[in-house]
Structure formats: structure tokens, C-alpha cells
>>> print(open('work_39.cif').read())   # mmCIF, C-alpha atoms (C1' of nucleotides)
data_protein
loop_
_atom_site.group_PDB
_atom_site.id
_atom_site.type_symbol
_atom_site.label_atom_id
_atom_site.label_comp_id
_atom_site.auth_asym_id
_atom_site.auth_seq_id
_atom_site.Cartn_x
_atom_site.Cartn_y
_atom_site.Cartn_z
ATOM 1 C CA MET A 246 0.000 0.000 0.000
ATOM 2 C CA PRO A 247 0.525 3.368 0.011
ATOM 3 C CA GLU A 248 2.959 4.153 2.739
ATOM 4 C CA LEU A 249 3.818 7.745 3.589
ATOM 5 C CA PRO A 250 5.720 8.460 0.352
ATOM 6 C CA GLU A 251 2.927 7.217 -1.885
ATOM 7 C CA VAL A 252 0.349 9.213 0.041
ATOM 8 C CA GLU A 253 2.536 12.297 -0.174
ATOM 9 C CA VAL A 254 3.081 11.837 -3.909
ATOM 10 C CA THR A 255 -0.679 11.455 -4.309
ATOM 11 C CA ARG A 256 -1.232 14.618 -2.298
ATOM 12 C CA LEU A 257 1.199 16.575 -4.426
ATOM 13 C CA GLY A 258 -0.365 15.285 -7.612
ATOM 14 C CA LEU A 259 -3.878 16.255 -6.533
ATOM 15 C CA GLU A 260 -2.936 19.584 -5.016
ATOM 16 C CA THR A 261 -1.761 21.058 -8.282
ATOM 17 C CA GLY A 262 -4.881 20.075 -10.141
ATOM 18 C CA LEU A 263 -7.631 20.610 -7.610
ATOM 19 C CA VAL A 264 -6.957 23.305 -5.047
ATOM 20 C CA GLY A 265 -9.181 26.300 -5.725
ATOM 21 C CA ALA A 266 -11.654 24.280 -7.768
ATOM 22 C CA ALA A 267 -15.290 23.865 -6.774
ATOM 23 C CA VAL A 268 -17.097 20.556 -6.364
ATOM 24 C CA THR A 269 -19.832 20.014 -8.925
ATOM 25 C CA ALA A 270 -20.913 16.497 -7.979
ATOM 26 C CA VAL A 271 -20.236 13.667 -5.575
ATOM 27 C CA THR A 272 -20.665 10.002 -6.420
ATOM 28 C CA CYS A 273 -20.680 7.181 -3.887
ATOM 29 C CA ARG A 274 -20.899 3.727 -5.464
ATOM 30 C CA THR A 275 -20.159 1.700 -2.364
ATOM 31 C CA PRO A 276 -22.123 1.899 0.860
ATOM 32 C CA SER A 277 -19.141 1.118 3.009
ATOM 33 C CA LEU A 278 -15.374 0.698 2.990
ATOM 34 C CA ARG A 279 -13.718 0.441 6.391
ATOM 35 C CA TYR A 280 -16.514 2.702 7.569
ATOM 36 C CA PRO A 281 -19.867 3.575 6.002
ATOM 37 C CA LEU A 282 -19.513 6.376 3.452
ATOM 38 C CA PRO A 283 -21.228 9.498 4.818
ATOM 39 C CA SER A 284 -22.868 10.113 1.468
ATOM 40 C CA ARG A 285 -25.499 12.542 2.712
ATOM 41 C CA LEU A 286 -22.888 14.799 4.270
ATOM 42 C CA LEU A 287 -20.596 14.504 1.273
ATOM 43 C CA HIS A 288 -23.298 15.713 -1.082
ATOM 44 C CA ARG A 289 -23.291 18.992 0.794
ATOM 45 C CA LEU A 290 -19.867 19.641 -0.726
ATOM 46 C CA VAL A 291 -21.418 20.528 -4.064
ATOM 47 C CA GLY A 292 -20.662 24.168 -4.736
ATOM 48 C CA ARG A 293 -17.818 24.255 -2.205
ATOM 49 C CA ARG A 294 -14.270 25.172 -3.108
ATOM 50 C CA LEU A 295 -11.315 22.986 -2.129
ATOM 51 C CA LEU A 296 -9.023 25.180 -0.057
ATOM 52 C CA GLY A 297 -6.107 22.811 0.426
ATOM 53 C CA ILE A 298 -4.966 19.221 0.815
ATOM 54 C CA ASN A 299 -2.999 18.198 3.889
ATOM 55 C CA ARG A 300 -1.522 14.930 5.025
ATOM 56 C CA ARG A 301 -1.289 13.481 8.518
ATOM 57 C CA GLY A 302 0.451 10.116 8.517
ATOM 58 C CA LYS A 303 -1.207 8.166 5.746
ATOM 59 C CA TYR A 304 -4.420 10.175 5.964
ATOM 60 C CA LEU A 305 -5.285 12.833 3.418
ATOM 61 C CA LEU A 306 -7.334 15.792 4.616
ATOM 62 C CA PHE A 307 -9.205 17.873 2.068
ATOM 63 C CA ASP A 308 -10.039 21.256 3.516
ATOM 64 C CA PHE A 309 -13.379 22.675 2.395
ATOM 65 C CA GLY A 310 -13.655 25.385 5.010
ATOM 66 C CA ILE A 311 -16.898 23.982 6.427
ATOM 67 C CA GLY A 312 -15.099 20.763 7.347
ATOM 68 C CA HIS A 313 -12.594 18.233 6.082
ATOM 69 C CA LEU A 314 -12.918 15.212 3.869
ATOM 70 C CA LEU A 315 -10.662 12.521 5.297
ATOM 71 C CA LEU A 316 -9.404 9.766 3.008
ATOM 72 C CA HIS A 317 -7.242 6.769 3.780
ATOM 73 C CA LEU A 318 -6.029 4.529 0.977
ATOM 74 C CA GLY A 319 -5.834 1.394 3.093
ATOM 75 C CA MET A 320 -3.761 -1.311 1.490
ATOM 76 C CA SER A 321 -4.781 -1.027 -2.103
ATOM 77 C CA GLY A 322 -6.315 2.398 -2.596
ATOM 78 C CA SER A 323 -5.392 4.923 -5.232
ATOM 79 C CA LEU A 324 -6.677 8.358 -6.107
ATOM 80 C CA ARG A 325 -6.583 9.480 -9.697
ATOM 81 C CA LEU A 326 -7.701 12.414 -11.728
ATOM 82 C CA VAL A 327 -9.827 11.246 -14.628
ATOM 83 C CA PRO A 328 -12.208 12.900 -17.089
ATOM 84 C CA ALA A 329 -15.503 13.222 -15.255
ATOM 85 C CA ALA A 330 -17.273 11.370 -18.048
ATOM 86 C CA SER A 331 -14.982 8.351 -17.986
ATOM 87 C CA PRO A 332 -16.913 5.268 -16.933
ATOM 88 C CA ALA A 333 -16.221 3.893 -13.495
ATOM 89 C CA GLN A 334 -14.668 0.486 -13.294
ATOM 90 C CA ARG A 335 -14.792 -2.249 -10.751
ATOM 91 C CA HIS A 336 -13.644 -1.029 -7.328
ATOM 92 C CA ASP A 337 -14.113 2.645 -8.185
ATOM 93 C CA HIS A 338 -16.001 3.516 -5.014
ATOM 94 C CA PHE A 339 -16.058 7.270 -4.766
ATOM 95 C CA ASP A 340 -15.770 10.312 -7.046
ATOM 96 C CA LEU A 341 -15.378 13.937 -6.172
ATOM 97 C CA VAL A 342 -16.197 15.795 -9.369
ATOM 98 C CA PHE A 343 -14.712 19.195 -10.156
ATOM 99 C CA GLY A 344 -16.296 20.182 -13.453
ATOM 100 C CA ARG A 345 -14.681 18.140 -16.180
ATOM 101 C CA ILE A 346 -12.261 16.410 -13.816
ATOM 102 C CA ALA A 347 -13.079 13.761 -11.270
ATOM 103 C CA MET A 348 -10.945 12.613 -8.396
ATOM 104 C CA ARG A 349 -11.637 8.899 -8.281
ATOM 105 C CA LEU A 350 -10.948 6.534 -5.407
ATOM 106 C CA ARG A 351 -10.258 2.963 -6.410
ATOM 107 C CA ASP A 352 -9.673 0.408 -3.686
ATOM 108 C CA PRO A 353 -9.987 -3.293 -4.553
ATOM 109 C CA ARG A 354 -9.471 -4.512 -0.998
ATOM 110 C CA ARG A 355 -11.684 -1.901 0.517
ATOM 111 C CA PHE A 356 -9.604 -1.230 3.596
ATOM 112 C CA GLY A 357 -9.647 2.449 2.804
ATOM 113 C CA ALA A 358 -11.717 5.087 4.538
ATOM 114 C CA VAL A 359 -13.869 8.042 3.516
ATOM 115 C CA LEU A 360 -15.047 10.229 6.360
ATOM 116 C CA TRP A 361 -16.450 13.695 6.843
ATOM 117 C CA LEU A 362 -14.917 15.668 9.707
ATOM 118 C CA GLN A 363 -16.972 18.580 10.902
ATOM 119 C CA ASP A 364 -14.584 19.792 13.553
ATOM 120 C CA ASN A 365 -10.848 20.267 13.983
ATOM 121 C CA PRO A 366 -9.311 17.218 12.274
ATOM 122 C CA ALA A 367 -6.561 17.000 14.887
ATOM 123 C CA ARG A 368 -9.202 16.146 17.464
ATOM 124 C CA HIS A 369 -10.769 13.329 15.479
ATOM 125 C CA PRO A 370 -10.169 10.004 17.265
ATOM 126 C CA LEU A 371 -8.357 8.491 14.274
ATOM 127 C CA ILE A 372 -5.984 11.462 14.037
ATOM 128 C CA ALA A 373 -5.578 12.335 17.694
ATOM 129 C CA VAL A 374 -3.877 9.025 18.489
ATOM 130 C CA LEU A 375 -1.233 9.327 15.787
ATOM 131 C CA GLY A 376 2.465 9.538 16.606
ATOM 132 C CA ASP A 377 5.206 11.737 15.243
ATOM 133 C CA GLU A 378 5.639 12.656 11.594
ATOM 134 C CA PRO A 379 8.958 11.073 10.594
ATOM 135 C CA LEU A 380 9.851 13.966 8.297
ATOM 136 C CA ALA A 381 9.151 16.625 10.920
ATOM 137 C CA ASP A 382 11.857 18.331 12.953
ATOM 138 C CA ASP A 383 10.674 16.925 16.265
ATOM 139 C CA PHE A 384 11.306 13.354 15.120
ATOM 140 C CA THR A 385 14.797 13.110 16.558
ATOM 141 C CA PRO A 386 17.061 10.276 17.729
ATOM 142 C CA SER A 387 16.680 11.259 21.384
ATOM 143 C CA TRP A 388 12.888 11.459 21.076
ATOM 144 C CA LEU A 389 12.701 7.991 19.543
ATOM 145 C CA TYR A 390 15.193 6.643 22.054
ATOM 146 C CA GLN A 391 13.113 7.906 24.957
ATOM 147 C CA LYS A 392 9.837 6.687 23.477
ATOM 148 C CA THR A 393 11.173 3.174 23.008
ATOM 149 C CA ARG A 394 12.373 2.617 26.561
ATOM 150 C CA GLY A 395 10.316 -0.249 27.922
ATOM 151 C CA ARG A 396 9.349 -1.523 24.503
ATOM 152 C CA ARG A 397 10.515 -5.074 24.148
ATOM 153 C CA ALA A 398 8.894 -5.670 20.765
ATOM 154 C CA PRO A 399 11.237 -5.963 17.766
ATOM 155 C CA ILE A 400 12.302 -2.646 16.264
ATOM 156 C CA LYS A 401 10.695 -3.561 12.921
ATOM 157 C CA GLN A 402 7.232 -3.824 14.456
ATOM 158 C CA THR A 403 7.874 -0.811 16.652
ATOM 159 C CA LEU A 404 8.634 1.349 13.607
ATOM 160 C CA MET A 405 5.332 0.264 12.085
ATOM 161 C CA ASP A 406 3.316 1.383 15.128
ATOM 162 C CA SER A 407 1.462 4.462 13.938
ATOM 163 C CA HIS A 408 0.783 5.506 17.521
ATOM 164 C CA LEU A 409 4.532 6.036 17.853
ATOM 165 C CA VAL A 410 5.574 7.241 14.405
ATOM 166 C CA VAL A 411 3.331 7.456 11.357
ATOM 167 C CA GLY A 412 3.786 6.517 7.756
ATOM 168 C CA ILE A 413 6.293 3.692 7.960
ATOM 169 C CA GLY A 414 4.755 0.528 6.540
ATOM 170 C CA ASN A 415 6.082 -2.916 5.884
ATOM 171 C CA ILE A 416 8.294 -2.009 2.957
ATOM 172 C CA TYR A 417 10.000 1.089 4.316
ATOM 173 C CA ALA A 418 10.470 -0.429 7.782
ATOM 174 C CA SER A 419 12.704 -3.096 6.259
ATOM 175 C CA GLU A 420 14.431 -0.599 4.001
ATOM 176 C CA SER A 421 15.118 1.874 6.807
ATOM 177 C CA LEU A 422 16.585 -0.807 9.064
ATOM 178 C CA PHE A 423 18.850 -1.959 6.286
ATOM 179 C CA ARG A 424 20.118 1.583 5.764
ATOM 180 C CA ALA A 425 20.741 1.868 9.495
ATOM 181 C CA GLY A 426 22.474 -1.522 9.765
ATOM 182 C CA ILE A 427 20.058 -2.731 12.452
ATOM 183 C CA ASP A 428 18.691 -6.273 12.725
ATOM 184 C CA PRO A 429 14.870 -6.098 12.481
ATOM 185 C CA ARG A 430 14.541 -8.570 15.376
ATOM 186 C CA LYS A 431 16.332 -6.375 17.891
ATOM 187 C CA PRO A 432 14.066 -5.254 20.736
ATOM 188 C CA ALA A 433 13.487 -1.507 20.438
ATOM 189 C CA ALA A 434 14.395 -0.962 24.081
ATOM 190 C CA GLY A 435 17.764 -2.625 23.574
ATOM 191 C CA ILE A 436 18.930 -0.191 20.914
ATOM 192 C CA SER A 437 21.345 2.504 22.025
ATOM 193 C CA LEU A 438 20.991 6.228 21.439
ATOM 194 C CA THR A 439 24.024 5.986 19.171
ATOM 195 C CA ARG A 440 22.205 3.576 16.936
ATOM 196 C CA TYR A 441 19.029 5.679 16.945
ATOM 197 C CA ARG A 442 21.256 8.481 15.701
ATOM 198 C CA ARG A 443 21.773 6.343 12.669
ATOM 199 C CA LEU A 444 18.228 5.018 12.382
ATOM 200 C CA VAL A 445 16.381 8.337 12.362
ATOM 201 C CA PRO A 446 18.314 9.749 9.390
ATOM 202 C CA ALA A 447 17.992 6.367 7.677
ATOM 203 C CA ILE A 448 14.196 6.583 7.974
ATOM 204 C CA ARG A 449 14.217 10.116 6.583
ATOM 205 C CA GLU A 450 16.467 9.184 3.689
ATOM 206 C CA THR A 451 14.362 6.140 2.874
ATOM 207 C CA LEU A 452 11.102 8.082 2.815
ATOM 208 C CA GLU A 453 12.540 11.065 0.992
ATOM 209 C CA ALA A 454 14.142 8.899 -1.651
ATOM 210 C CA ALA A 455 10.817 7.167 -2.218
ATOM 211 C CA ILE A 456 8.959 10.457 -2.486
ATOM 212 C CA ALA A 457 11.576 11.634 -4.955
ATOM 213 C CA ALA A 458 11.160 8.465 -6.944
ATOM 214 C CA GLY A 459 7.474 9.223 -7.185
ATOM 215 C CA GLY A 460 6.077 6.565 -4.946
ATOM 216 C CA SER A 461 6.896 2.945 -5.197
ATOM 217 C CA SER A 462 5.409 0.641 -2.647
ATOM 218 C CA LEU A 463 2.886 -1.248 -4.727
ATOM 219 C CA ARG A 464 3.260 -2.770 -8.118
ATOM 220 C CA ASP A 465 -0.146 -1.380 -8.999
ATOM 221 C CA PHE A 466 0.405 2.005 -7.430
ATOM 222 C CA VAL A 467 -0.756 4.640 -9.844
ATOM 223 C CA ARG A 468 0.082 8.262 -9.502
ATOM 224 C CA SER A 469 -2.713 10.716 -9.245
ATOM 225 C CA ASP A 470 -2.345 11.855 -12.838
ATOM 226 C CA GLY A 471 -2.987 8.292 -13.945
ATOM 227 C CA SER A 472 0.484 7.636 -15.274
ATOM 228 C CA SER A 473 1.709 4.232 -14.309
ATOM 229 C CA GLY A 474 4.094 5.184 -12.072
ATOM 230 C CA TYR A 475 6.986 4.758 -10.160
ATOM 231 C CA PHE A 476 10.462 5.084 -11.467
ATOM 232 C CA GLN A 477 11.215 1.551 -10.423
ATOM 233 C CA GLN A 478 12.689 2.396 -7.101
ATOM 234 C CA GLN A 479 15.370 -0.032 -6.193
ATOM 235 C CA TYR A 480 14.846 -1.758 -2.880
ATOM 236 C CA PHE A 481 17.869 -2.788 -0.862
ATOM 237 C CA VAL A 482 16.199 -5.794 0.742
ATOM 238 C CA TYR A 483 12.401 -5.715 0.396
ATOM 239 C CA GLY A 484 11.191 -8.650 -1.676
ATOM 240 C CA ARG A 485 14.761 -9.737 -2.434
ATOM 241 C CA THR A 486 14.969 -12.993 -0.467
ATOM 242 C CA GLY A 487 17.878 -15.094 -1.705
ATOM 243 C CA GLU A 488 19.306 -12.320 -3.841
ATOM 244 C CA PRO A 489 22.682 -10.714 -3.205
ATOM 245 C CA CYS A 490 22.901 -7.755 -0.855
ATOM 246 C CA HIS A 491 23.716 -4.626 -2.857
ATOM 247 C CA HIS A 492 26.183 -3.601 -0.179
ATOM 248 C CA CYS A 493 28.126 -6.704 0.877
ATOM 249 C CA GLY A 494 27.151 -9.313 -1.688
ATOM 250 C CA GLY A 495 25.805 -11.613 1.026
ATOM 251 C CA THR A 496 22.385 -13.217 0.741
ATOM 252 C CA VAL A 497 19.227 -11.330 1.675
ATOM 253 C CA LYS A 498 17.113 -13.278 4.152
ATOM 254 C CA SER A 499 13.475 -13.050 5.142
ATOM 255 C CA LEU A 500 11.465 -13.943 8.194
ATOM 256 C CA ARG A 501 8.006 -13.337 9.578
ATOM 257 C CA GLN A 502 7.374 -10.811 12.310
ATOM 258 C CA GLY A 503 3.889 -10.248 13.608
ATOM 259 C CA GLY A 504 2.487 -12.076 10.604
ATOM 260 C CA ARG A 505 4.317 -9.963 8.038
ATOM 261 C CA ALA A 506 7.386 -10.527 5.957
ATOM 262 C CA SER A 507 10.613 -8.807 6.926
ATOM 263 C CA PHE A 508 13.722 -8.694 4.808
ATOM 264 C CA TYR A 509 17.296 -8.091 5.935
ATOM 265 C CA CYS A 510 20.928 -8.759 5.262
ATOM 266 C CA PRO A 511 22.420 -10.750 8.149
ATOM 267 C CA ARG A 512 25.903 -9.519 7.353
ATOM 268 C CA CYS A 513 25.041 -5.799 7.186
ATOM 269 C CA GLN A 514 22.433 -5.721 9.957
ATOM 270 C CA LYS A 515 23.350 -6.534 13.531
ATOM 271 C "C1'" DC B 258 0.958 0.799 28.840
ATOM 272 C "C1'" DT B 259 2.574 -3.062 26.026
ATOM 273 C "C1'" DC B 260 2.104 -7.125 23.259
ATOM 274 C "C1'" DG B 261 0.382 -10.595 20.207
ATOM 275 C "C1'" DC B 262 -3.189 -11.848 17.439
ATOM 276 C "C1'" DC B 263 -7.398 -11.436 14.728
ATOM 277 C "C1'" DA B 264 -10.453 -9.283 11.504
ATOM 278 C "C1'" DC B 265 -11.485 -6.797 7.523
ATOM 279 C "C1'" DC B 266 -11.314 -7.835 1.602
ATOM 280 C "C1'" DT B 267 -9.922 -9.051 -2.954
ATOM 281 C "C1'" DG B 268 -6.990 -10.542 -6.753
ATOM 282 C "C1'" DG B 269 -3.098 -12.995 -8.145
ATOM 283 C "C1'" DG B 270 -0.026 -16.735 -8.113
ATOM 284 C "C1'" DG B 271 1.508 -21.413 -7.190
ATOM 285 C "C1'" DG B 272 0.595 -26.223 -6.584
ATOM 286 C "C1'" DC B 273 -1.971 -30.153 -7.586
ATOM 287 C "C1'" DT C 170 -8.947 -26.386 -16.742
ATOM 288 C "C1'" DG C 171 -10.250 -25.730 -12.147
ATOM 289 C "C1'" DC C 172 -9.842 -25.583 -7.335
ATOM 290 C "C1'" DC C 173 -7.724 -24.481 -3.056
ATOM 291 C "C1'" DC C 174 -4.682 -22.227 -0.271
ATOM 292 C "C1'" DC C 175 -1.653 -18.577 0.715
ATOM 293 C "C1'" DC C 176 -0.126 -14.090 0.295
ATOM 294 C "C1'" DA C 177 0.045 -8.913 0.047
ATOM 295 C "C1'" DG C 178 -1.029 -4.513 2.238
ATOM 296 C "C1'" DG C 179 -2.753 -0.901 7.155
ATOM 297 C "C1'" DT C 180 -4.851 -0.441 11.374
ATOM 298 C "C1'" DG C 181 -8.548 -0.814 14.916
ATOM 299 C "C1'" DG C 182 -9.838 -3.682 18.525
ATOM 300 C "C1'" DC C 183 -9.507 -7.452 21.496
ATOM 301 C "C1'" DG C 184 -7.824 -10.040 25.666
ATOM 302 C "C1'" DA C 185 -3.769 -11.197 28.301
#
>>> encode(input="work_39.cif", output="C-alpha cells")
Amino acid sequence: MPELPEVEVTRLGLETGLVGAAVTAVTCRTPSLRYPLPSRLLHRLVGRRLLGINRRGKYLLFDFGIGHLLLHLGMSGSLRLVPAASPAQRHDHFDLVFGRIAMRLRDPRRFGAVLWLQDNPARHPLIAVLGDEPLADDFTPSWLYQKTRGRRAPIKQTLMDSHLVVGIGNIYASESLFRAGIDPRKPAAGISLTRYRRLVPAIRETLEAAIAAGGSSLRDFVRSDGSSGYFQQQYFVYGRTGEPCHHCGGTVKSLRQGGRASFYCPRCQK
DNA sequence: CTCGCCACCTGGGGGC
DNA sequence: TGCCCCCAGGTGGCGA
């Protein structure tokens, strides 16, 4: 799915095309994704101008002045700009139409979310519980070090806990730990401040490189302009079980942690 | 608070 | 060809 970089690339793609435009129609084709679609409330957007698009973690927040449309892409969601007249296909659940252009949400696995937030988005229960933004200035080695005292879970799963730090999914957790030279199985509490001084920049570099590459985490990820794309970002370890490590030439290994696949190089990551 | 596990859903791929 | 099982992905919610 869309991890933070893919959501951010989506946000950037939509922002250019939609901010300042007014909604002319709303189409809900699915009664419910993760939550029921608030179709009655959404129809009140007709005639309203989109003032801005923000991101918090993997959530997108569309500011309409009278409230915010909150979208989450789940595991398989994508948002694209299409001609308003183009026929919807299977799994196209929701359209926000801006004249001749429609922003279309497609989500085959339907883990995504569409919600209407009347009040301050930061106070919404889904947003209020979120952890630090990994690209923000307050995400520092000492902050992460302090927050992980007493956490005996493996660092890989800890990085994926959105209540601690947002936006890092299964792919970029493995990639960040490779860059930092840390074994994904290491308990978070057992990692020294010195090593967090390496991990925090590694997370930033991983996410920023992916944003620069235009989003990459799903084979079927489609950028908001509809182009197929990701400049084939090269993963260091993700999905490369049995292949040679790009750094040391050793063999990339995989294991399961909390029901998900992790990838690492035993020689580079201790 | 932390942890481990389940549920949610669908399409694609491999094995037989 | 068809069937079955497993897997991918994010996150809320549960009980321990």
C-alpha cells in the first residue's frame, strides 16, 4: 500500500490540479469501505471550493472550510484524476467531481476510509492518536530513544506502530533498518541512542528517496495523474529474499514478524 | 501501557 | 482447466 511516500506523492499530484476548484458532484458507489460512506454529508460539498490538501500520517485531509474530507487509501487504494465522463470500473467507489475532472478513489481490498470531519481534524479520534511525523523536525534520535524505553517488541514492528511514528509501513520499515544496519529482530528498548542516531536519518532518507522516486510501494500504485508510475525504485532488501545484498554481496534473508514478511541482510544488519 | 493476534477484503499466483 | 490455499497490504480492537 501506500505508505507515507505514496500518500505524499498522491497529495502533491492532486494539489496542483484541484486546489481552488469547486465541487460540482459527488458520487458514492459503495455503501461502506472500512466505515460507512457518509454520502449525505458529502453531497453537501457541491458548490464548495477545495481550499487545500494536507496529510497526517497516511491520511489525506481535504479542507473545504466547512469541514474536512478525510481519506485513507488502506492497502490497495489509489486516487486518480480522470475525465468526469470516464466510466467507473470495478472497485471505483467514490468520485469527487470538479467540473470536467473527477478525483476517483479505487480500492480493490476496501480497507480504505472516507469520512467527513466537521470539527478540527486533529481532534478526530483516528488522528488524535497518531504519533510523530517522521519527516518533521521533532522526530529526533533522542525522542525515539526515549519513546522506546520499555518496549521489548522488535524494532521492525515498533517502527510500524502508527501511535509512535506514522507513515512507515512494511516495505519502508525493512528498508530503513537496512540503511541503518540494524537487525529487524532487535528489541526496540535494547537499541542505544548511538544507533538511533543512525536510524532516524535512515528513515528520513528512505522516505525522501521514495517520495523523490514518485512513490513505489505497490506494483499497482498509480500516480494521481494516472500515469503508471513509479520510477522503479530499487529496494535494498524488500522482496529480495535469496538475492545478493547490494552492499556486501551476502544473501538477503526473510522472516516473519507479527504475521508480516521482513527482509534483511544478516551480514550488514546486527 | 505493552504485546500478540485477529479481523477486515480481494486478486493474483503457485501447486496439484 | 479448475480448485484451493496462501499471500500482500494498514490499522482498529480485542484479551492477556
>>> resolve_selection(input="work_39.cif", expression="the PyMOL selection byres ((chain C and resi 180) around 12)", output="PyMOL selection string")
(chain A and resi 279+303-304+317-320+356-358+371+374-375+405-408+411-412+414) or (chain B and resi 263-265) or (chain C and resi 178-179+181-182)
>>> resolve_selection(input="work_39.cif", expression="the PyMOL selection byres ((chain B and resi 271) around 12)", output="ChimeraX atom specification")
/B:269-270,272-273 /C:173-176
>>> interface_residues(input="work_39.cif", of="chain B", to="chain A", cutoff="10 Å", atoms="only C-alpha atoms (C1' of nucleotides)", output="ChimeraX atom specification")
/B:258-262,265-268
>>> atom_distance(input="work_39.cif", atom1="atom CA of A:Asn365", atom2="atom CA of A:Gly322")
24.8 Å
>>> resolve_selection(input="work_39.cif", expression="the PyMOL selection byres ((chain A and resi 389) around 9)", output="ChimeraX atom specification")
/A:384-388,390-394,409-410,438,441,445
>>> atom_distance(input="work_39.cif", atom1="atom CA of A:Pro328", atom2="atom CA of A:Asp308")
22.3 Å
>>> atom_distance(input="work_39.cif", atom1="atom CA of A:Arg274", atom2="atom CA of A:Leu305")
20.1 Å
>>> closest_residue(input="work_39.cif", among="A:Ile400, A:Val497, A:Leu282, A:Ile416", to="chain C", atoms="only C-alpha atoms (C1' of nucleotides)")
A:Ile416
>>> axis_aligned_box(input="work_39.cif", around="stretch 395-414 of chain A", padding_each_side="6 Å", output="lines of an AutoDock Vina configuration file")
center_x = 6.5
center_y = 0.7
center_z = 17.2
size_x = 23.5
size_y = 25.4
size_z = 33.4
>>> closest_residue(input="work_39.cif", among="A:Gln402, A:Ser323, A:Asn415, A:Thr255", to="chain C", atoms="only C-alpha atoms (C1' of nucleotides)")
A:Asn415
>>> closest_residue(input="work_39.cif", among="A:Arg349, A:Gly302, A:Cys493, A:Glu488", to="chain C", atoms="only C-alpha atoms (C1' of nucleotides)")
A:Gly302
>>> build_atoms(input="work_39.cif", residues="stretch 334-349 of chain A", atoms="N, CA, C and O atoms", output="PDB file, keeping the file's coordinate frame")
ATOM      1  N   GLN A 334     -14.931   1.913 -13.193  1.00  0.00           N
ATOM      2  CA  GLN A 334     -14.668   0.486 -13.294  1.00  0.00           C
ATOM      3  C   GLN A 334     -14.863  -0.171 -11.944  1.00  0.00           C
ATOM      4  O   GLN A 334     -15.182   0.486 -10.949  1.00  0.00           O
ATOM      5  N   ARG A 335     -14.692  -1.474 -11.977  1.00  0.00           N
ATOM      6  CA  ARG A 335     -14.792  -2.249 -10.751  1.00  0.00           C
ATOM      7  C   ARG A 335     -13.891  -1.637  -9.686  1.00  0.00           C
ATOM      8  O   ARG A 335     -12.766  -1.244  -9.986  1.00  0.00           O
ATOM      9  N   HIS A 336     -14.391  -1.531  -8.483  1.00  0.00           N
ATOM     10  CA  HIS A 336     -13.644  -1.029  -7.328  1.00  0.00           C
ATOM     11  C   HIS A 336     -13.459   0.485  -7.328  1.00  0.00           C
ATOM     12  O   HIS A 336     -12.721   1.002  -6.510  1.00  0.00           O
ATOM     13  N   ASP A 337     -14.100   1.179  -8.261  1.00  0.00           N
ATOM     14  CA  ASP A 337     -14.113   2.645  -8.185  1.00  0.00           C
ATOM     15  C   ASP A 337     -15.276   3.030  -7.272  1.00  0.00           C
ATOM     16  O   ASP A 337     -16.426   3.009  -7.679  1.00  0.00           O
ATOM     17  N   HIS A 338     -14.961   3.377  -6.027  1.00  0.00           N
ATOM     18  CA  HIS A 338     -16.001   3.516  -5.014  1.00  0.00           C
ATOM     19  C   HIS A 338     -16.547   4.926  -4.857  1.00  0.00           C
ATOM     20  O   HIS A 338     -17.666   5.122  -4.418  1.00  0.00           O
ATOM     21  N   PHE A 339     -15.709   5.903  -5.164  1.00  0.00           N
ATOM     22  CA  PHE A 339     -16.058   7.270  -4.766  1.00  0.00           C
ATOM     23  C   PHE A 339     -15.445   8.278  -5.728  1.00  0.00           C
ATOM     24  O   PHE A 339     -14.278   8.162  -6.074  1.00  0.00           O
ATOM     25  N   ASP A 340     -16.268   9.230  -6.190  1.00  0.00           N
ATOM     26  CA  ASP A 340     -15.770  10.312  -7.046  1.00  0.00           C
ATOM     27  C   ASP A 340     -16.096  11.657  -6.404  1.00  0.00           C
ATOM     28  O   ASP A 340     -17.205  11.860  -5.904  1.00  0.00           O
ATOM     29  N   LEU A 341     -15.126  12.536  -6.474  1.00  0.00           N
ATOM     30  CA  LEU A 341     -15.378  13.937  -6.172  1.00  0.00           C
ATOM     31  C   LEU A 341     -15.181  14.643  -7.511  1.00  0.00           C
ATOM     32  O   LEU A 341     -14.081  14.633  -8.050  1.00  0.00           O
ATOM     33  N   VAL A 342     -16.263  15.226  -8.032  1.00  0.00           N
ATOM     34  CA  VAL A 342     -16.197  15.795  -9.369  1.00  0.00           C
ATOM     35  C   VAL A 342     -15.985  17.307  -9.288  1.00  0.00           C
ATOM     36  O   VAL A 342     -16.662  18.001  -8.529  1.00  0.00           O
ATOM     37  N   PHE A 343     -15.012  17.758 -10.060  1.00  0.00           N
ATOM     38  CA  PHE A 343     -14.712  19.195 -10.156  1.00  0.00           C
ATOM     39  C   PHE A 343     -14.867  19.580 -11.627  1.00  0.00           C
ATOM     40  O   PHE A 343     -13.892  19.586 -12.371  1.00  0.00           O
ATOM     41  N   GLY A 344     -16.080  19.843 -12.043  1.00  0.00           N
ATOM     42  CA  GLY A 344     -16.296  20.182 -13.453  1.00  0.00           C
ATOM     43  C   GLY A 344     -15.968  18.998 -14.351  1.00  0.00           C
ATOM     44  O   GLY A 344     -16.556  17.929 -14.232  1.00  0.00           O
ATOM     45  N   ARG A 345     -14.991  19.210 -15.227  1.00  0.00           N
ATOM     46  CA  ARG A 345     -14.681  18.140 -16.180  1.00  0.00           C
ATOM     47  C   ARG A 345     -13.741  17.076 -15.617  1.00  0.00           C
ATOM     48  O   ARG A 345     -13.475  16.068 -16.250  1.00  0.00           O
ATOM     49  N   ILE A 346     -13.215  17.344 -14.419  1.00  0.00           N
ATOM     50  CA  ILE A 346     -12.261  16.410 -13.816  1.00  0.00           C
ATOM     51  C   ILE A 346     -12.881  15.736 -12.604  1.00  0.00           C
ATOM     52  O   ILE A 346     -13.563  16.393 -11.816  1.00  0.00           O
ATOM     53  N   ALA A 347     -12.634  14.455 -12.478  1.00  0.00           N
ATOM     54  CA  ALA A 347     -13.079  13.761 -11.270  1.00  0.00           C
ATOM     55  C   ALA A 347     -11.886  13.183 -10.539  1.00  0.00           C
ATOM     56  O   ALA A 347     -10.968  12.643 -11.151  1.00  0.00           O
ATOM     57  N   MET A 348     -11.913  13.316  -9.226  1.00  0.00           N
ATOM     58  CA  MET A 348     -10.945  12.613  -8.396  1.00  0.00           C
ATOM     59  C   MET A 348     -11.607  11.297  -8.005  1.00  0.00           C
ATOM     60  O   MET A 348     -12.668  11.285  -7.379  1.00  0.00           O
ATOM     61  N   ARG A 349     -10.990  10.210  -8.421  1.00  0.00           N
ATOM     62  CA  ARG A 349     -11.637   8.899  -8.281  1.00  0.00           C
ATOM     63  C   ARG A 349     -10.860   7.997  -7.347  1.00  0.00           C
ATOM     64  O   ARG A 349      -9.663   7.795  -7.525  1.00  0.00           O
TER      65      ARG A 349
END
